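As structure tokens, the structure follows; a few thoughts come after it.
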Amino acid sequence: MLETIDTSMIDWARAQFALTAIYHWLFVPLTLGLAVVMGIMETLYVTTGNEFWKRTAKFWMKLFGINFAIGVATGLILEFQFGTNWSNYSWFVGDIFGAPLAIEGILAFFMEATFVAVMFFGWNKVSKKFHLASTWLTGLGATISAWWILVANSWMQYPVGMEFNPETMRNEMVDFMAVAFSPVAVMKFLHTVLSSWIVGAAFVVGVSAWYLLRKREKELALASIRVAACVGLFAALVTAATGDKSAYQVAQVQPMKLAVMEGLYDGGTNQPLTVVGPIKIPQMLSFLATREASGYVPGINNILNGGYEQPDGSVALSAEEKIVRGKKAISALADFRSAKQSGDEAAAAEALQTIEENMPYFGYGYIKDTATLVPHVGTMFWAFRVMVGLGMYFIAFFALILFLSYKKRLGEINWLHYVALWTIPLAYIASHAGWIVAEVGRQPWTIQDMLPVNAAVSKLEAGSVQTTFFIFLVMFTLLLIAEIGIMVKAIKKGAE
Amino acid sequence: MIKEKFISVYRFYRDGFKEMTWGRTLWAIILIKLFVMFFILKLFFFPSFLKGKSTEEKQDYVGTELINRMK
């Protein structure tokens with residue numbers, strides 16, 4: 001493999017995808033989060049008839065509009081990359097990946113394009129209730145878009161509902177519901193969308209705190225903080241709960257990811273959870289991974305060596321055994337194609353049976369060194385702790401803000417306003433740390449156990465990917481500068 | 001009836017765009033971005049790798065690639 005594919009090409013293609021995804025994810029969570037906050041504010045306007053809430057909702061809607069306009073369509077660049085840099089992957093995943101993305105594209109276009117227009121242009125042209133419905137449907141449209149994207153991503157982490165067809169070389173969907181509502185997809189959706197609400201809430205609290213520091217827009221700032229802190233606290237609590245469920249699922253379907261998250265080389269029963277350094281919570285990792293304090297959690301070496309009992313009761317194969325099974329599947333695929341070409345149906349049927357028996361390990365056939373099955377431990381260990389640590393911080397932060405708001409002391413505490421301002425970047429850092437855990441943790445797989453990056457990538461020169469990497473870097477940086485510049489200008493101007 | 005609806009939707013968008021203030025800058029950014037994405041990046045830098053091949057040729061190419069990469 002290494003003779004035909006430039007390994008630096010793989011790294012550049014991965015770096016390009018990561019760069020695009022990271023920039024794209026600067027815009028998306030704020031869209032999802034602000035949609036909820038402004039939806040609540042407009043609901044307060046419609047239910048109370050108080051013009052103050054209309055002015056407040058319109059102000060946050062303006063910032064939503066800036067973020068939406070700059071961020072819209074940036075995700076399409078990821079789809080460009082599938083066809084160019086990851087052509088084997090694109091063909092291999094077939095309609096499983098295409099169907100959710102097509103639904104996402106159609107929904108995003110029709111729902112968002114229609115209701116965003118009503119939301120911005122329709123204040124004096126449609127009824128209050130129709131306008132309110134449009135505001136919520138804009139947020140709902142963005143959320144449904146996120147659902148389908150996350151379904152596609154979850155399928156890569158936990159491939160279900162399909163069968164591999166060796167004649168077409170594609171995975172074919174046999175159970176749409178299994179793909180669309182896989183437990184991994186459901187939990188990933190809840191965890192990702194709710195954590196995006198935290199970003200939106202932190203943004204509103206932070207910007208409002210800036211007004212309090214500047215002694216401007218006091219009424220708008222205090223009211224916005226109250227609404228956003230309620231959303232933020234709710235979202236932070238649900239994110240923690242869904243994060244726990246997600247970790248449990250990871251233990252079942254991607255045990256290597258959990259082992260590297262913990263930096264656990266040699267597992268066993270009664271495993272403690274490492275907080276940082278020597279600080280450990282006894283038996284907590286076992287409990288989180290198995291729901292039993294004495295449960296067995298495999299470490300990196302255990303997973304590579306195999307021989308332990310898996311959650312489904314079967315004995316885990318070693319990485320070497322999986323590689324043998326993977327090579328058997330790929331060799332059988334070659335035999336199947338030869339038999340089909342020569343019209344030998346009996347030989348084709350025999351090869352097909354071998355493929356089906358070994359398909360769960362297909363991707364291991366491309367693994368040359370078992371060390372490549374281990375994601376980067378340091379990155380994963382710290383990304384996980386940053387995500388969880390900040391998640392805990394957000395619960396405390398929003399609870400404190402709500403408490404002080406209830407005590408009517410929020411306007412007086414200057415240091416807290418600075419903390420609130422600095423919580424905006426922390427929310428983004430937590431969100432990206434979560435994606436690092438999810439995506440770095442599944443390396444080397446583009447599709448778990450089925451297709452590693454070295455088989456998925458196109459046969460391209462590294463230079464061509466490097467060029468587009470830097471084009472994207474410049475383009476996205478310009479967009480980000482434009483976003484921050486216009487946003488700061490709008491915030492300085494204040495509500496109209 | 002349908003024509004009237006169409007006209008009222010058209011007017012809704014037209015008036016909305018006309019009354020925009022800071023929104024004009026955003027629309028300019030959106031249009032420039034979409035132009036760069038679809039008429040420069042997609043056309044010149046991101047052609048589909050399997051473009052120009054028939055379905056049979058695509059499955060044959062990917063099949064051969066996936067078999068050879070094991071070696």
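Scheme for the structure tokens: letters A, B, ... for chains in order shown; per-chain residue numbers from 1; ligand numbers from 1 in order shown.
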
Exercise for the section: Give the residues of chain B that lie within 10 Å of chain A; count only C-alpha atoms, and format the answer as number ranges by chain. Expected result: B: 12-20, 22-23, 25-31, 33-34, 36-38, 41-42, 45-51, 55-56, 58-71

Take the residues just selected and output them with C-alpha atoms as a compact mmCIF listing (two decimals), in the first residue's frame.
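In the end it all went to again.txt:
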```
# COMPACT_ATOMS: atom_id res chain seq x y z
CA PHE B 12 -42.25 40.09 0.13
CA TYR B 13 -38.70 39.14 -0.82
CA ARG B 14 -38.17 42.22 -3.02
CA ASP B 15 -39.26 44.65 -0.29
CA GLY B 16 -37.27 42.73 2.29
CA PHE B 17 -34.09 43.03 0.25
CA LYS B 18 -34.80 46.70 -0.52
CA GLU B 19 -35.24 47.59 3.13
CA MET B 20 -32.05 45.89 4.23
CA TRP B 22 -26.41 46.11 7.24
CA GLY B 23 -27.83 42.98 5.60
CA THR B 25 -22.87 43.52 3.38
CA LEU B 26 -23.84 40.04 4.51
CA TRP B 27 -25.48 39.24 1.18
CA ALA B 28 -22.36 40.45 -0.60
CA ILE B 29 -20.27 38.09 1.55
CA ILE B 30 -22.66 35.20 0.90
CA LEU B 31 -22.61 35.73 -2.89
CA LYS B 33 -18.37 33.05 -0.92
CA LEU B 34 -20.74 30.94 -3.05
CA VAL B 36 -15.59 31.23 -4.88
CA MET B 37 -16.87 27.87 -3.68
CA PHE B 38 -18.77 26.73 -6.76
CA LEU B 41 -12.89 25.76 -5.84
CA LYS B 42 -15.33 23.13 -7.11
CA PHE B 45 -9.62 22.36 -7.37
CA PHE B 46 -12.24 19.78 -6.43
CA PRO B 47 -13.23 17.74 -9.46
CA SER B 48 -14.76 14.39 -8.56
CA PHE B 49 -11.88 11.91 -8.65
CA LEU B 50 -14.06 9.31 -10.39
CA LYS B 51 -15.59 11.83 -12.80
CA THR B 55 -20.85 3.19 -13.09
CA GLU B 56 -19.20 -0.08 -14.12
CA LYS B 58 -16.18 3.26 -11.10
CA GLN B 59 -16.93 -0.01 -9.33
CA ASP B 60 -14.12 -1.70 -11.22
CA TYR B 61 -11.66 1.08 -10.36
CA VAL B 62 -12.57 1.16 -6.65
CA GLY B 63 -12.60 -2.65 -6.49
CA THR B 64 -9.11 -2.85 -7.99
CA GLU B 65 -7.86 -0.09 -5.69
CA LEU B 66 -9.24 -1.73 -2.56
CA ILE B 67 -7.77 -5.11 -3.50
CA ASN B 68 -4.35 -3.73 -4.48
CA ARG B 69 -4.00 -1.60 -1.37
CA MET B 70 -3.93 -4.70 0.81
CA LYS B 71 -0.66 -5.81 -0.85
```

Problem - Backbone-only DSSP, helix (DSSP H, G or I) members of stretch 167-229 of chain A, as number ranges by chain - result: A: 176-180, 183-213, 218-229

I'd like the neighbourhood of A:Gly299 as a PDB file with N, CA and C atoms, in the first residue's frame, where a residue qualifies if any of its atoms comes within 7 Å (using only C-alpha atoms), though same-chain residues fewer than 2 positions away should be ignored.
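selection.pdb, written as the output of this step:
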```pdb
ATOM      1  N   ALA A 259     -10.334   3.496  25.723  1.00  0.00           N
ATOM      2  CA  ALA A 259      -9.031   3.196  26.344  1.00  0.00           C
ATOM      3  C   ALA A 259      -8.062   4.363  26.154  1.00  0.00           C
ATOM      4  N   LEU A 264      -5.485   4.301  29.165  1.00  0.00           N
ATOM      5  CA  LEU A 264      -5.482   3.019  29.879  1.00  0.00           C
ATOM      6  C   LEU A 264      -4.813   1.954  29.003  1.00  0.00           C
ATOM      7  N   TYR A 265      -3.601   1.570  29.373  1.00  0.00           N
ATOM      8  CA  TYR A 265      -2.873   0.575  28.561  1.00  0.00           C
ATOM      9  C   TYR A 265      -3.255  -0.846  28.968  1.00  0.00           C
ATOM     10  N   ASP A 266      -3.273  -1.103  30.281  1.00  0.00           N
ATOM     11  CA  ASP A 266      -3.626  -2.442  30.750  1.00  0.00           C
ATOM     12  C   ASP A 266      -4.877  -2.335  31.611  1.00  0.00           C
ATOM     13  N   GLY A 267      -5.973  -2.852  31.077  1.00  0.00           N
ATOM     14  CA  GLY A 267      -7.247  -2.719  31.776  1.00  0.00           C
ATOM     15  C   GLY A 267      -7.458  -3.810  32.801  1.00  0.00           C
ATOM     16  N   VAL A 297     -12.878  -3.426  32.070  1.00  0.00           N
ATOM     17  CA  VAL A 297     -12.637  -2.446  31.007  1.00  0.00           C
ATOM     18  C   VAL A 297     -11.313  -2.801  30.332  1.00  0.00           C
ATOM     19  N   ASN A 301      -3.537  -2.387  25.376  1.00  0.00           N
ATOM     20  CA  ASN A 301      -2.823  -3.656  25.144  1.00  0.00           C
ATOM     21  C   ASN A 301      -3.793  -4.832  25.110  1.00  0.00           C
ATOM     22  N   ASN A 302      -4.813  -4.793  25.972  1.00  0.00           N
ATOM     23  CA  ASN A 302      -5.807  -5.877  25.976  1.00  0.00           C
ATOM     24  C   ASN A 302      -6.534  -5.952  24.635  1.00  0.00           C
ATOM     25  N   ILE A 303      -6.879  -4.776  24.103  1.00  0.00           N
ATOM     26  CA  ILE A 303      -7.610  -4.756  22.822  1.00  0.00           C
ATOM     27  C   ILE A 303      -6.714  -5.268  21.696  1.00  0.00           C
TER      28      ILE A 303
END
```

Residues near A:Ser196, anyone? I mean within 8 Å using only C-alpha atoms, not counting same-chain ones fewer than 5 positions away, as an mmCIF file with C-alpha atoms, in the first residue's frame.
```
data_model
loop_
_atom_site.group_PDB
_atom_site.id
_atom_site.type_symbol
_atom_site.label_atom_id
_atom_site.label_comp_id
_atom_site.auth_asym_id
_atom_site.auth_seq_id
_atom_site.Cartn_x
_atom_site.Cartn_y
_atom_site.Cartn_z
ATOM 1 C CA VAL A 28 -22.899 25.961 13.509
ATOM 2 C CA PRO A 29 -23.161 25.783 17.320
ATOM 3 C CA LEU A 30 -23.842 29.510 17.597
ATOM 4 C CA LEU A 32 -28.216 26.301 16.937
ATOM 5 C CA GLY A 33 -27.809 27.960 20.344
ATOM 6 C CA SER A 431 -17.199 22.071 21.709
#
```

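Counting only C-alpha atoms, the residue from A:Ser405, A:Thr20, A:Thr370, A:Thr379 that sits nearest to A:Val440 is A:Thr379.
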
Practice task
Would you list the contacts of A:Val253 as a list in words, taking every protein, DNA or RNA residue within 7 Å and counting only C-alpha atoms, but skipping same-chain residues closer than 3 positions in sequence?
Solution key: Tyr158, Gln249 and Val250 of chain A

Exercise for the section: Choose the residue, out of A:Gly441, A:Lys489, A:Thr7, A:Ala420, that has the smallest atom-to-atom separation from A:Leu213; count only C-alpha atoms. Expected result: A:Ala420

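Here atom CA of A:Ile40 and atom CA of A:Leu222 stand 15.0 Å from one another.
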
Exercise for the section: Any chance you could list, as a ChimeraX atom specification, the residues in stretch 44-269 of chain A that come up strand (DSSP E) when DSSP is run on the backbone? Expected result: /A:162-165,170-173

Write the residues of the preceding selection, restricted to N, CA and C atoms, as an mmCIF file, in the first residue's frame.
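Output saved as result.cif:
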```
data_model
loop_
_atom_site.group_PDB
_atom_site.id
_atom_site.type_symbol
_atom_site.label_atom_id
_atom_site.label_comp_id
_atom_site.auth_asym_id
_atom_site.auth_seq_id
_atom_site.Cartn_x
_atom_site.Cartn_y
_atom_site.Cartn_z
ATOM 1 N N MET A 162 -26.813 -1.880 6.893
ATOM 2 C CA MET A 162 -26.362 -1.989 5.490
ATOM 3 C C MET A 162 -25.789 -3.378 5.225
ATOM 4 N N GLU A 163 -25.627 -3.660 3.937
ATOM 5 C CA GLU A 163 -24.937 -4.878 3.508
ATOM 6 C C GLU A 163 -23.952 -4.496 2.419
ATOM 7 N N PHE A 164 -22.775 -5.109 2.457
ATOM 8 C CA PHE A 164 -21.771 -4.826 1.428
ATOM 9 C C PHE A 164 -22.072 -5.668 0.191
ATOM 10 N N ASN A 165 -22.124 -5.003 -0.967
ATOM 11 C CA ASN A 165 -22.353 -5.709 -2.229
ATOM 12 C C ASN A 165 -21.025 -5.759 -2.991
ATOM 13 N N ARG A 170 -20.153 -1.388 -3.155
ATOM 14 C CA ARG A 170 -20.785 -0.376 -2.304
ATOM 15 C C ARG A 170 -21.520 -1.041 -1.147
ATOM 16 N N ASN A 171 -21.659 -0.295 -0.075
ATOM 17 C CA ASN A 171 -22.536 -0.711 1.004
ATOM 18 C C ASN A 171 -23.941 -0.250 0.649
ATOM 19 N N GLU A 172 -24.897 -1.146 0.749
ATOM 20 C CA GLU A 172 -26.263 -0.812 0.371
ATOM 21 C C GLU A 172 -27.158 -0.815 1.608
ATOM 22 N N MET A 173 -27.981 0.211 1.708
ATOM 23 C CA MET A 173 -28.843 0.350 2.876
ATOM 24 C C MET A 173 -29.940 -0.719 2.844
#
```

Quick one: everything within 12 Å of A:His376, counting only C-alpha atoms, minus sequence neighbours fewer than 4 positions away in the same chain. Send it as a PDB file with N, CA and C atoms, in the first residue's frame.
```
ATOM      1  N   MET A 256     -11.484   0.904  21.862  1.00  0.00           N
ATOM      2  CA  MET A 256     -10.153   1.527  21.761  1.00  0.00           C
ATOM      3  C   MET A 256     -10.246   3.024  22.046  1.00  0.00           C
ATOM      4  N   LYS A 257     -11.343   3.642  21.575  1.00  0.00           N
ATOM      5  CA  LYS A 257     -11.519   5.075  21.815  1.00  0.00           C
ATOM      6  C   LYS A 257     -11.570   5.355  23.315  1.00  0.00           C
ATOM      7  N   ALA A 259     -10.334   3.496  25.723  1.00  0.00           N
ATOM      8  CA  ALA A 259      -9.031   3.196  26.344  1.00  0.00           C
ATOM      9  C   ALA A 259      -8.062   4.363  26.154  1.00  0.00           C
ATOM     10  N   VAL A 260      -8.028   4.962  24.958  1.00  0.00           N
ATOM     11  CA  VAL A 260      -7.096   6.078  24.745  1.00  0.00           C
ATOM     12  C   VAL A 260      -7.589   7.354  25.437  1.00  0.00           C
ATOM     13  N   MET A 261      -8.909   7.522  25.545  1.00  0.00           N
ATOM     14  CA  MET A 261      -9.442   8.674  26.294  1.00  0.00           C
ATOM     15  C   MET A 261      -8.914   8.644  27.722  1.00  0.00           C
ATOM     16  N   GLU A 262      -8.771   7.432  28.256  1.00  0.00           N
ATOM     17  CA  GLU A 262      -8.327   7.266  29.642  1.00  0.00           C
ATOM     18  C   GLU A 262      -6.822   7.043  29.756  1.00  0.00           C
ATOM     19  N   GLY A 263      -6.159   6.876  28.611  1.00  0.00           N
ATOM     20  CA  GLY A 263      -4.735   6.538  28.646  1.00  0.00           C
ATOM     21  C   GLY A 263      -4.533   5.208  29.364  1.00  0.00           C
ATOM     22  N   ILE A 300      -5.577  -0.547  26.135  1.00  0.00           N
ATOM     23  CA  ILE A 300      -5.053  -0.572  24.757  1.00  0.00           C
ATOM     24  C   ILE A 300      -4.392  -1.918  24.458  1.00  0.00           C
ATOM     25  N   ALA A 371       0.328  -0.911  15.645  1.00  0.00           N
ATOM     26  CA  ALA A 371       0.458   0.364  16.379  1.00  0.00           C
ATOM     27  C   ALA A 371      -0.447   1.435  15.772  1.00  0.00           C
ATOM     28  N   THR A 372      -0.725   1.317  14.463  1.00  0.00           N
ATOM     29  CA  THR A 372      -1.571   2.338  13.822  1.00  0.00           C
ATOM     30  C   THR A 372      -3.037   2.211  14.250  1.00  0.00           C
ATOM     31  N   MET A 380      -5.981  12.595  22.923  1.00  0.00           N
ATOM     32  CA  MET A 380      -7.295  12.118  23.375  1.00  0.00           C
ATOM     33  C   MET A 380      -7.485  12.325  24.874  1.00  0.00           C
ATOM     34  N   PHE A 381      -6.441  11.980  25.631  1.00  0.00           N
ATOM     35  CA  PHE A 381      -6.527  12.083  27.094  1.00  0.00           C
ATOM     36  C   PHE A 381      -6.863  13.517  27.504  1.00  0.00           C
ATOM     37  N   TRP A 382      -6.155  14.487  26.919  1.00  0.00           N
ATOM     38  CA  TRP A 382      -6.353  15.882  27.342  1.00  0.00           C
ATOM     39  C   TRP A 382      -7.603  16.508  26.721  1.00  0.00           C
ATOM     40  N   ALA A 383      -7.912  16.129  25.472  1.00  0.00           N
ATOM     41  CA  ALA A 383      -9.137  16.666  24.858  1.00  0.00           C
ATOM     42  C   ALA A 383     -10.358  16.242  25.674  1.00  0.00           C
ATOM     43  N   ILE A 436     -12.780  16.560  18.797  1.00  0.00           N
ATOM     44  CA  ILE A 436     -11.460  15.902  18.746  1.00  0.00           C
ATOM     45  C   ILE A 436     -11.567  14.507  19.360  1.00  0.00           C
ATOM     46  N   VAL A 437     -12.261  14.415  20.496  1.00  0.00           N
ATOM     47  CA  VAL A 437     -12.447  13.106  21.139  1.00  0.00           C
ATOM     48  C   VAL A 437     -13.165  12.151  20.170  1.00  0.00           C
ATOM     49  N   GLU A 439     -13.485  12.283  16.813  1.00  0.00           N
ATOM     50  CA  GLU A 439     -12.882  12.006  15.503  1.00  0.00           C
ATOM     51  C   GLU A 439     -11.453  11.477  15.583  1.00  0.00           C
ATOM     52  N   VAL A 440     -10.617  12.075  16.425  1.00  0.00           N
ATOM     53  CA  VAL A 440      -9.254  11.523  16.582  1.00  0.00           C
ATOM     54  C   VAL A 440      -9.372  10.127  17.201  1.00  0.00           C
ATOM     55  N   GLY A 441     -10.368   9.955  18.055  1.00  0.00           N
ATOM     56  CA  GLY A 441     -10.536   8.685  18.761  1.00  0.00           C
ATOM     57  C   GLY A 441     -10.948   7.527  17.880  1.00  0.00           C
ATOM     58  N   ARG A 442     -11.399   7.794  16.660  1.00  0.00           N
ATOM     59  CA  ARG A 442     -11.779   6.667  15.799  1.00  0.00           C
ATOM     60  C   ARG A 442     -10.717   6.356  14.751  1.00  0.00           C
ATOM     61  N   GLN A 443      -9.572   7.034  14.840  1.00  0.00           N
ATOM     62  CA  GLN A 443      -8.497   6.714  13.908  1.00  0.00           C
ATOM     63  C   GLN A 443      -8.031   5.283  14.143  1.00  0.00           C
ATOM     64  N   PRO A 444      -7.648   4.547  13.128  1.00  0.00           N
ATOM     65  CA  PRO A 444      -7.408   4.987  11.753  1.00  0.00           C
ATOM     66  C   PRO A 444      -8.626   4.823  10.856  1.00  0.00           C
TER      67      PRO A 444
END
```

Exercise for the section: Give me the residues within 12 Å of A:Leu400 as a PyMOL selection string, counting only C-alpha atoms and dropping any in the same chain fewer than 2 places off. Expected result: chain A and resi 225-226+229-230+232-233+393-398+402-407+409-410+413+416+419-420

Let's have the selection written as a tab-separated table (two decimals), in the first residue's frame, with C-alpha atoms.
```tsv
chain	number	residue	atom	x	y	z
A	225	ILE	CA	-28.60	36.88	30.81
A	226	ARG	CA	-31.61	35.44	32.67
A	229	ALA	CA	-28.47	31.22	31.72
A	230	CYS	CA	-31.66	29.13	31.98
A	232	GLY	CA	-27.28	27.23	29.39
A	233	LEU	CA	-27.89	25.44	32.69
A	393	TYR	CA	-17.52	24.55	34.76
A	394	PHE	CA	-20.52	25.54	32.60
A	395	ILE	CA	-22.95	23.91	35.06
A	396	ALA	CA	-21.39	25.87	37.95
A	397	PHE	CA	-21.15	29.07	35.89
A	398	PHE	CA	-24.76	29.15	34.70
A	402	LEU	CA	-28.96	32.36	37.76
A	403	PHE	CA	-28.54	32.52	41.53
A	404	LEU	CA	-27.11	36.06	41.39
A	405	SER	CA	-29.77	37.06	38.90
A	406	TYR	CA	-32.45	35.81	41.32
A	407	LYS	CA	-30.78	37.82	44.12
A	409	ARG	CA	-26.95	41.24	42.28
A	410	LEU	CA	-25.83	40.43	38.77
A	413	ILE	CA	-20.23	42.11	40.26
A	416	LEU	CA	-18.09	38.00	37.04
A	419	VAL	CA	-15.50	35.79	33.62
A	420	ALA	CA	-18.67	35.71	31.51
```
